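File shown: query_13.tsv (TSV, C-alpha atoms).
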```tsv
chain	number	residue	atom	x	y	z
A	35	MET	CA	78.11	21.71	241.37
A	36	SER	CA	76.00	23.41	238.79
A	37	GLU	CA	79.00	23.43	236.45
A	38	LEU	CA	79.30	19.64	236.72
A	39	GLU	CA	75.66	19.05	235.96
A	40	GLY	CA	75.51	21.41	233.04
A	41	GLY	CA	78.93	20.47	231.52
A	42	GLU	CA	78.81	18.39	228.33
A	43	GLY	CA	81.17	15.40	228.18
A	44	LYS	CA	82.71	16.07	224.74
A	45	PRO	CA	85.46	13.64	223.80
A	46	ASN	CA	88.53	15.06	222.12
A	47	LEU	CA	88.39	13.59	218.61
A	48	THR	CA	91.62	15.10	217.37
A	49	PRO	CA	93.97	12.21	218.34
A	50	ILE	CA	91.69	9.55	216.87
A	51	LEU	CA	91.40	11.55	213.66
A	52	ASP	CA	95.16	11.86	213.50
A	53	MET	CA	95.53	8.12	213.89
A	54	VAL	CA	92.90	7.35	211.25
A	55	PHE	CA	94.58	9.69	208.78
A	56	GLN	CA	97.89	8.00	209.42
A	57	LEU	CA	96.31	4.62	208.72
A	58	ILE	CA	94.73	5.94	205.52
A	59	THR	CA	98.08	7.30	204.41
A	60	PHE	CA	99.68	3.91	205.05
A	61	PHE	CA	97.08	2.03	203.00
A	62	MET	CA	97.25	4.58	200.20
A	63	LEU	CA	101.00	4.17	199.98
A	64	VAL	CA	101.02	0.38	199.98
A	65	ILE	CA	98.09	-0.09	197.61
A	66	ASN	CA	99.28	-1.71	194.40
A	67	PHE	CA	97.03	-1.34	191.39
A	68	LYS	CA	99.39	-3.47	189.31
A	69	SER	CA	98.36	-6.59	191.20
A	70	ALA	CA	94.85	-6.24	189.75
A	71	SER	CA	96.24	-7.61	186.48
A	72	LEU	CA	97.53	-10.72	188.24
A	73	ASP	CA	95.27	-13.73	188.54
A	74	LEU	CA	95.98	-14.71	192.13
A	75	SER	CA	94.00	-17.94	191.84
A	76	LEU	CA	96.81	-19.44	189.76
A	77	ARG	CA	99.19	-21.75	191.58
A	78	LEU	CA	102.61	-20.89	190.26
A	79	PRO	CA	105.42	-23.45	190.21
A	80	VAL	CA	108.07	-23.28	192.91
A	81	VAL	CA	111.58	-22.67	191.64
A	82	GLY	CA	114.40	-21.93	194.05
A	83	SER	CA	116.38	-19.77	191.64
A	84	ALA	CA	113.44	-17.54	190.69
A	85	ARG	CA	114.22	-14.06	191.93
A	86	PRO	CA	112.01	-11.00	192.05
A	87	VAL	CA	113.12	-8.49	189.43
A	88	ASP	CA	112.32	-4.82	189.73
A	89	THR	CA	112.27	-3.21	186.31
A	90	LYS	CA	111.27	0.11	187.91
A	91	GLY	CA	108.64	0.59	185.23
A	92	GLN	CA	111.31	1.04	182.54
A	93	GLU	CA	110.34	-2.06	180.61
A	94	SER	CA	107.02	-2.63	178.90
A	95	LEU	CA	105.41	-5.86	179.97
A	96	LEU	CA	102.65	-8.06	178.64
A	97	ILE	CA	101.29	-10.17	181.47
A	98	LEU	CA	99.65	-13.44	180.46
A	99	ASN	CA	97.76	-15.38	183.14
A	100	ILE	CA	97.39	-18.91	181.76
A	101	ASP	CA	95.16	-21.34	183.61
A	102	LYS	CA	95.46	-25.12	183.55
A	103	GLU	CA	93.18	-25.29	180.49
A	104	GLY	CA	95.48	-22.98	178.56
A	105	LYS	CA	93.09	-20.02	178.64
A	106	ILE	CA	94.36	-16.47	179.08
A	107	ASN	CA	92.61	-14.51	181.80
A	108	VAL	CA	92.76	-10.72	181.67
A	109	TYR	CA	91.34	-9.01	184.76
A	110	GLY	CA	89.40	-12.20	185.50
A	111	ARG	CA	87.89	-12.52	182.03
A	112	PRO	CA	88.95	-15.26	179.61
A	113	MET	CA	90.28	-13.93	176.28
A	114	PRO	CA	90.77	-15.65	172.93
A	115	VAL	CA	94.53	-16.37	172.79
A	116	LYS	CA	95.24	-15.53	169.16
A	117	GLU	CA	93.24	-12.32	168.95
A	118	TYR	CA	94.44	-11.04	172.30
A	119	ILE	CA	98.14	-11.57	171.54
A	120	GLN	CA	97.78	-10.06	168.06
A	121	ARG	CA	96.08	-7.01	169.51
A	122	GLU	CA	98.72	-6.61	172.22
A	123	ALA	CA	101.52	-7.06	169.66
A	124	THR	CA	100.05	-4.31	167.50
A	125	ALA	CA	99.82	-2.02	170.53
A	126	ALA	CA	103.40	-2.90	171.54
A	127	LEU	CA	104.63	-2.19	168.00
A	128	ILE	CA	102.93	1.21	167.89
A	129	ALA	CA	104.39	2.09	171.29
A	130	ALA	CA	107.86	0.92	170.25
A	131	GLN	CA	107.73	2.88	166.99
A	132	ARG	CA	107.70	6.12	168.98
A	133	SER	CA	111.33	5.52	169.96
A	134	GLN	CA	112.30	3.29	167.02
A	135	PRO	CA	110.41	4.48	163.91
A	136	GLU	CA	112.20	1.96	161.67
A	137	LEU	CA	110.54	-0.96	163.51
A	138	LYS	CA	108.05	-2.85	161.34
A	139	PHE	CA	105.67	-5.77	161.77
A	140	GLY	CA	107.54	-9.03	162.26
A	141	ASP	CA	110.58	-7.39	163.89
A	142	GLU	CA	111.52	-8.26	167.42
A	143	LEU	CA	109.43	-6.31	169.91
A	144	PRO	CA	111.05	-4.80	173.01
A	145	THR	CA	108.13	-5.89	175.20
A	146	THR	CA	108.73	-8.70	177.68
A	147	VAL	CA	106.01	-11.33	177.87
A	148	VAL	CA	105.45	-12.29	181.50
A	149	ILE	CA	104.04	-15.80	181.68
A	150	ARG	CA	102.11	-16.61	184.83
A	151	ALA	CA	100.95	-20.15	184.18
A	152	ASP	CA	99.37	-22.58	186.58
A	153	ARG	CA	101.83	-25.23	187.71
A	154	SER	CA	99.71	-28.05	186.24
A	155	THR	CA	99.32	-26.51	182.77
A	156	PRO	CA	100.37	-29.09	180.16
A	157	PHE	CA	103.25	-28.05	177.91
A	158	LYS	CA	101.23	-28.33	174.69
A	159	LEU	CA	98.85	-25.59	175.89
A	160	LEU	CA	101.66	-23.40	177.18
A	161	ASN	CA	103.65	-23.88	174.00
A	162	GLY	CA	100.63	-22.82	171.93
A	163	VAL	CA	100.67	-19.45	173.71
A	164	ILE	CA	104.47	-19.10	173.40
A	165	GLN	CA	104.36	-19.89	169.67
A	166	GLU	CA	101.62	-17.32	169.15
A	167	CYS	CA	103.78	-14.74	170.92
A	168	GLN	CA	106.79	-15.68	168.78
A	169	LEU	CA	104.70	-15.36	165.61
A	170	ASN	CA	103.86	-11.82	166.63
A	171	GLY	CA	107.45	-10.78	167.28
A	172	PHE	CA	107.85	-11.33	171.01
A	173	ARG	CA	111.19	-12.86	171.96
A	174	LYS	CA	111.77	-11.77	175.55
A	175	PHE	CA	109.96	-13.87	178.11
A	176	ALA	CA	109.82	-13.94	181.88
A	177	LEU	CA	108.50	-17.14	183.40
A	178	LYS	CA	106.98	-16.43	186.77
A	179	ALA	CA	107.45	-18.78	189.71
A	180	MET	CA	107.31	-18.67	193.46
A	181	ASN	CA	110.58	-18.67	195.29
A	182	LYS	CA	109.14	-20.91	197.98
A	183	GLU	CA	105.85	-22.70	198.61
A	184	GLU	CA	103.13	-20.32	199.83
A	185	GLY	CA	102.41	-20.64	203.52
A	186	LYS	CA	105.84	-22.08	204.24
A	187	GLY	CA	108.32	-19.91	206.03
B	49	MET	CA	87.11	49.11	221.68
B	50	SER	CA	88.52	47.18	224.50
B	51	ARG	CA	85.08	45.75	225.23
B	52	ARG	CA	84.73	44.50	221.64
B	53	ARG	CA	88.15	42.83	221.68
B	54	LYS	CA	87.33	40.99	224.85
B	55	HIS	CA	84.16	39.66	223.28
B	56	LYS	CA	86.00	38.35	220.22
B	57	SER	CA	88.64	36.46	222.17
B	58	ALA	CA	86.02	34.78	224.31
B	59	GLU	CA	84.36	33.32	221.20
B	60	GLU	CA	85.81	29.92	220.40
B	61	VAL	CA	85.40	28.38	216.97
B	62	GLU	CA	84.78	24.68	217.34
B	63	LEU	CA	85.15	22.41	214.37
B	64	ASN	CA	82.77	19.50	214.23
B	65	LEU	CA	85.25	16.67	213.90
B	66	ALA	CA	82.64	13.93	214.06
B	67	ALA	CA	81.68	14.29	210.37
B	68	MET	CA	85.31	14.31	209.31
B	69	LEU	CA	85.98	11.26	211.44
B	70	ASP	CA	83.05	9.45	209.83
B	71	MET	CA	84.44	10.12	206.39
B	72	ALA	CA	87.96	9.12	207.42
B	73	PHE	CA	86.63	5.85	208.85
B	74	GLN	CA	84.80	5.15	205.61
B	75	LEU	CA	87.99	5.69	203.63
B	76	LEU	CA	89.89	3.50	206.05
B	77	THR	CA	87.30	0.72	205.71
B	78	PHE	CA	87.56	0.89	201.94
B	79	PHE	CA	91.35	0.58	202.01
B	80	ILE	CA	91.26	-2.25	204.54
B	81	LEU	CA	88.70	-4.21	202.52
B	82	THR	CA	90.50	-3.76	199.19
B	83	PHE	CA	93.97	-4.35	200.63
B	84	ARG	CA	95.42	-7.46	199.10
B	85	PRO	CA	99.17	-7.64	199.31
B	86	ALA	CA	100.62	-9.04	196.08
B	87	PRO	CA	102.66	-12.21	196.61
B	88	VAL	CA	106.40	-11.90	196.08
B	89	GLU	CA	106.94	-13.65	192.80
B	90	GLY	CA	110.22	-14.53	191.21
B	91	GLN	CA	110.92	-14.93	187.55
B	92	VAL	CA	113.27	-16.63	185.15
B	93	ASN	CA	114.18	-14.37	182.24
B	94	LEU	CA	114.65	-16.11	178.94
B	95	ARG	CA	115.04	-15.34	175.28
B	96	LEU	CA	112.86	-17.75	173.39
B	97	PRO	CA	113.47	-17.49	169.66
B	98	PRO	CA	111.74	-20.01	167.38
B	99	PRO	CA	114.04	-22.98	166.67
B	100	MET	CA	116.37	-22.87	163.65
B	101	ALA	CA	117.21	-25.79	161.37
B	102	ILE	CA	119.15	-28.47	163.21
B	103	ALA	CA	122.55	-29.56	161.92
B	104	GLY	CA	122.99	-33.17	160.90
B	105	SER	CA	124.63	-35.56	163.31
B	106	GLY	CA	128.37	-35.21	163.47
B	107	THR	CA	130.41	-32.37	162.05
B	108	GLN	CA	130.65	-32.41	158.30
B	109	LYS	CA	133.55	-30.64	156.63
B	110	ALA	CA	133.20	-28.84	153.32
B	111	GLY	CA	134.31	-31.03	150.48
B	112	ALA	CA	134.27	-34.21	152.50
B	113	ASP	CA	131.29	-35.37	150.54
B	114	PHE	CA	131.96	-34.96	146.83
B	115	ASN	CA	128.29	-34.84	145.97
B	116	MET	CA	127.69	-31.96	148.33
B	117	LYS	CA	130.26	-29.22	147.89
B	118	GLU	CA	128.97	-26.80	150.51
B	119	PRO	CA	128.66	-27.45	154.21
B	120	PRO	CA	125.10	-27.60	155.55
B	121	LYS	CA	123.96	-24.11	156.53
B	122	ALA	CA	122.49	-24.99	159.85
B	123	ALA	CA	123.07	-24.13	163.46
B	124	THR	CA	125.02	-26.35	165.81
B	125	THR	CA	122.40	-27.44	168.24
B	126	LEU	CA	122.17	-29.06	171.61
B	127	VAL	CA	118.91	-30.88	172.15
B	128	VAL	CA	117.68	-31.49	175.68
B	129	SER	CA	114.74	-33.90	175.59
B	130	VAL	CA	112.18	-34.15	178.36
B	131	PHE	CA	109.80	-37.07	177.88
B	132	SER	CA	106.61	-37.01	179.87
B	133	ASN	CA	104.28	-39.55	181.44
B	134	LYS	CA	100.52	-39.38	181.02
B	135	ASP	CA	100.20	-37.68	184.42
B	136	GLY	CA	102.52	-34.86	183.34
B	137	SER	CA	105.58	-35.97	185.27
B	138	VAL	CA	109.04	-36.46	183.78
B	139	ALA	CA	109.47	-39.92	182.29
B	140	GLN	CA	112.97	-39.58	180.91
B	141	LEU	CA	115.58	-36.93	180.26
B	142	ALA	CA	118.14	-36.95	177.48
B	143	VAL	CA	120.90	-34.72	176.16
B	144	ASP	CA	121.17	-35.26	172.41
B	145	GLU	CA	121.02	-39.05	172.23
B	146	THR	CA	122.30	-39.75	175.75
B	147	PRO	CA	119.67	-40.72	178.34
B	148	ILE	CA	119.98	-38.92	181.68
B	149	GLY	CA	118.72	-40.29	184.98
B	150	ASN	CA	117.69	-37.22	186.92
B	151	LEU	CA	118.06	-33.45	187.18
B	152	ARG	CA	121.37	-33.64	189.03
B	153	ALA	CA	122.81	-35.84	186.29
B	154	LEU	CA	121.43	-33.40	183.73
B	155	ASP	CA	123.22	-30.56	185.51
B	156	ASP	CA	126.52	-32.49	185.45
B	157	LYS	CA	126.11	-33.46	181.82
B	158	LEU	CA	125.27	-29.93	180.69
B	159	GLN	CA	128.26	-28.52	182.59
B	160	THR	CA	130.56	-30.93	180.75
B	161	VAL	CA	128.91	-30.27	177.40
B	162	PHE	CA	129.04	-26.48	177.64
B	163	ALA	CA	132.62	-26.52	178.88
B	164	ASN	CA	133.74	-28.31	175.73
B	165	THR	CA	131.50	-27.10	172.94
B	166	GLU	CA	129.94	-23.88	171.76
B	167	TYR	CA	126.40	-24.11	170.48
B	168	ASP	CA	124.40	-21.75	168.31
B	169	GLN	CA	121.20	-22.81	169.95
B	170	VAL	CA	119.83	-25.00	172.70
B	171	ILE	CA	116.54	-26.71	171.98
B	172	VAL	CA	114.43	-28.11	174.78
B	173	GLN	CA	112.24	-30.81	173.30
B	174	VAL	CA	109.31	-31.37	175.62
B	175	GLY	CA	106.57	-34.00	175.88
B	176	GLN	CA	103.10	-32.61	175.29
B	177	GLU	CA	101.67	-33.58	178.65
B	178	LEU	CA	104.56	-32.32	180.78
B	179	ARG	CA	103.35	-30.02	183.54
B	180	TYR	CA	104.67	-26.48	183.67
B	181	GLU	CA	106.01	-27.15	187.16
B	182	GLU	CA	108.20	-30.00	185.88
B	183	LEU	CA	109.31	-27.96	182.90
B	184	MET	CA	110.42	-25.13	185.17
B	185	ARG	CA	112.67	-27.53	187.08
B	186	VAL	CA	114.40	-28.47	183.85
B	187	ILE	CA	114.64	-24.82	182.79
B	188	GLU	CA	116.15	-23.98	186.16
B	189	VAL	CA	118.93	-26.50	185.55
B	190	CYS	CA	119.49	-25.17	182.03
B	191	THR	CA	119.64	-21.52	183.07
B	192	ARG	CA	122.18	-22.39	185.76
B	193	GLN	CA	124.72	-23.35	183.07
B	194	ARG	CA	127.55	-21.09	182.06
B	195	LEU	CA	128.60	-20.88	178.44
B	196	ARG	CA	132.21	-20.84	177.30
B	197	ASP	CA	132.24	-17.05	177.19
B	198	GLY	CA	131.24	-16.98	180.87
B	199	SER	CA	127.71	-15.77	180.33
B	200	LYS	CA	124.71	-17.65	181.64
B	201	LEU	CA	122.54	-19.69	179.31
B	202	SER	CA	119.37	-17.70	178.77
B	203	LYS	CA	118.52	-18.41	175.16
B	204	LEU	CA	116.42	-21.51	174.64
B	205	SER	CA	113.97	-22.75	172.07
B	206	PHE	CA	111.06	-25.01	172.89
B	207	VAL	CA	109.90	-27.77	170.62
B	208	GLU	CA	106.87	-29.92	171.26
B	209	MET	CA	107.34	-33.66	170.89
B	210	PRO	CA	104.83	-35.55	168.82
B	211	ALA	CA	102.01	-37.23	170.78
B	212	GLY	CA	103.27	-40.01	173.02
B	213	GLY	CA	106.60	-38.26	173.65
```

Render the structure in this file as structure tokens.
Amino acid sequence: MSELEGGEGKPNLTPILDMVFQLITFFMLVINFKSASLDLSLRLPVVGSARPVDTKGQESLLILNIDKEGKINVYGRPMPVKEYIQREATAALIAAQRSQPELKFGDELPTTVVIRADRSTPFKLLNGVIQECQLNGFRKFALKAMNKEEGKG
Amino acid sequence: MSRRRKHKSAEEVELNLAAMLDMAFQLLTFFILTFRPAPVEGQVNLRLPPPMAIAGSGTQKAGADFNMKEPPKAATTLVVSVFSNKDGSVAQLAVDETPIGNLRALDDKLQTVFANTEYDQVIVQVGQELRYEELMRVIEVCTRQRLRDGSKLSKLSFVEMPAGG
């Protein structure tokens, strides 16, 4: 009797801690820091033949989020198109020169420009960005699109 | 000695798991709140070189014109035109000079064209107001085409039509 009165009701926290650690491990594994560079407010066009491509990090990419007004957004901040692309091209050239020292300004860059443009962006604004990329030596492009409409099975 | 040993084994070390659990829950909350699964996006890979000089209409043989001894040094080009309405939709499609009714007809026409002729470049001439969504539909049809060597068409050049196109 006295044992019952004096005994403290201590819950065993070990199983709950195990479960919480398992959940933390799950979230740590699935977290994707790359998606921070994607402007998820953009509504991409829907193209049936667009397929996800996994470059396994082998290819250097320049991601351009272009809104319907033709502005480039980098981590949520609008950037001046010309200056930003020139700066990125210079960085891409320096990076490429490590493996190809003979590469000079104006040569074709190995970087792929990933264009994530809003579906209602007029062509003249999109083409302005593409031309700027071409002027700076980019030739490889990947046009992003959804495989199917979001929210539809 | 035996008394001391007995005393030691009776002592139980209890870890205070509550503090650890608090911290683990805080970490878990952080991960849950910042978890935003990236949408599965597809892509169309293209090579987009700037357009080269377009060859004149019809094939001109060297020496055929006595005033011009050398053949024109220009690329044989296929021009796909996409005219746009003010609202950004497709007004009219054309392959070279031939008007095309819709995307299916464009697909058929391009299949015929690529089966018979080899081109140095394919230029997609686009109206200024055309929406990216509409352009992607045209690009999808173009990239579906197979060239005479069996490879898929992936090299295009974009040209902007003058205002009103």

Would you kindly report the residues of chain B within 9 Å of chain A, using all atoms listed in the file, as JSON, numbers by chain?
-> {"B": [65, 66, 68, 69, 72, 73, 75, 76, 79, 80, 82, 83, 84, 85, 86, 87, 88, 89, 90, 91, 92, 93, 94, 95, 96, 97, 98, 136, 174, 175, 176, 177, 178, 179, 180, 181, 182, 183, 184, 185, 188, 192, 206, 207, 208, 209]}

Calculate how many Å separate atom CA of Gly198 of chain B from atom CA of Val127 of chain B, rounding to one decimal.
-> 20.5 Å

As a check of understanding: the span from atom CA of Val130 of chain B to atom CA of Gln173 of chain B is 6.1 Å

Give the centre and edge lengths of an axis-aligned box, in Å to one decimal, that holds all listed atoms of segment 72-83 of chain A with 5 Å on each side, as JSON.
```
{"center_x": 105.2, "center_y": -17.1, "center_z": 191.1, "size_x": 32.4, "size_y": 22.7, "size_z": 15.8}
```

Provide the atom CA of Val143 of chain B to atom CA of Leu201 of chain B distance in Å, to one decimal place.
-> 15.4 Å

Contact residues around segment 129-141 of chain A with only C-alpha atoms at 8 Å, ignoring same-chain residues under 2 positions, as an NGL selection string = :A and (125-127 or 143-144 or 169-171)

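In this comparison, which uses all atoms listed in the file, the residue of A:Val163, A:Lys116, A:Pro45, A:Arg121 approaching Glu103 of chain A most closely is A:Val163.
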
Residue nearest Ser71 of chain A - candidates A:Ile97, A:Tyr118, A:Gly104, A:Met113, atoms counted: all atoms listed in the file =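 Between A:Ile97, A:Tyr118, A:Gly104, A:Met113, the residue approaching Ser71 of chain A most closely is A:Ile97.
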
Mind checking which residues fall within 6 Å of segment 124-126 of chain B, counting only C-alpha atoms, ignoring those fewer than 6 positions away in the same chain, and posting them as a list in words?
->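 Using only C-alpha atoms, the neighbours found are Ala103, Tyr167, Asp168, Gln169 and Val170 of chain B.
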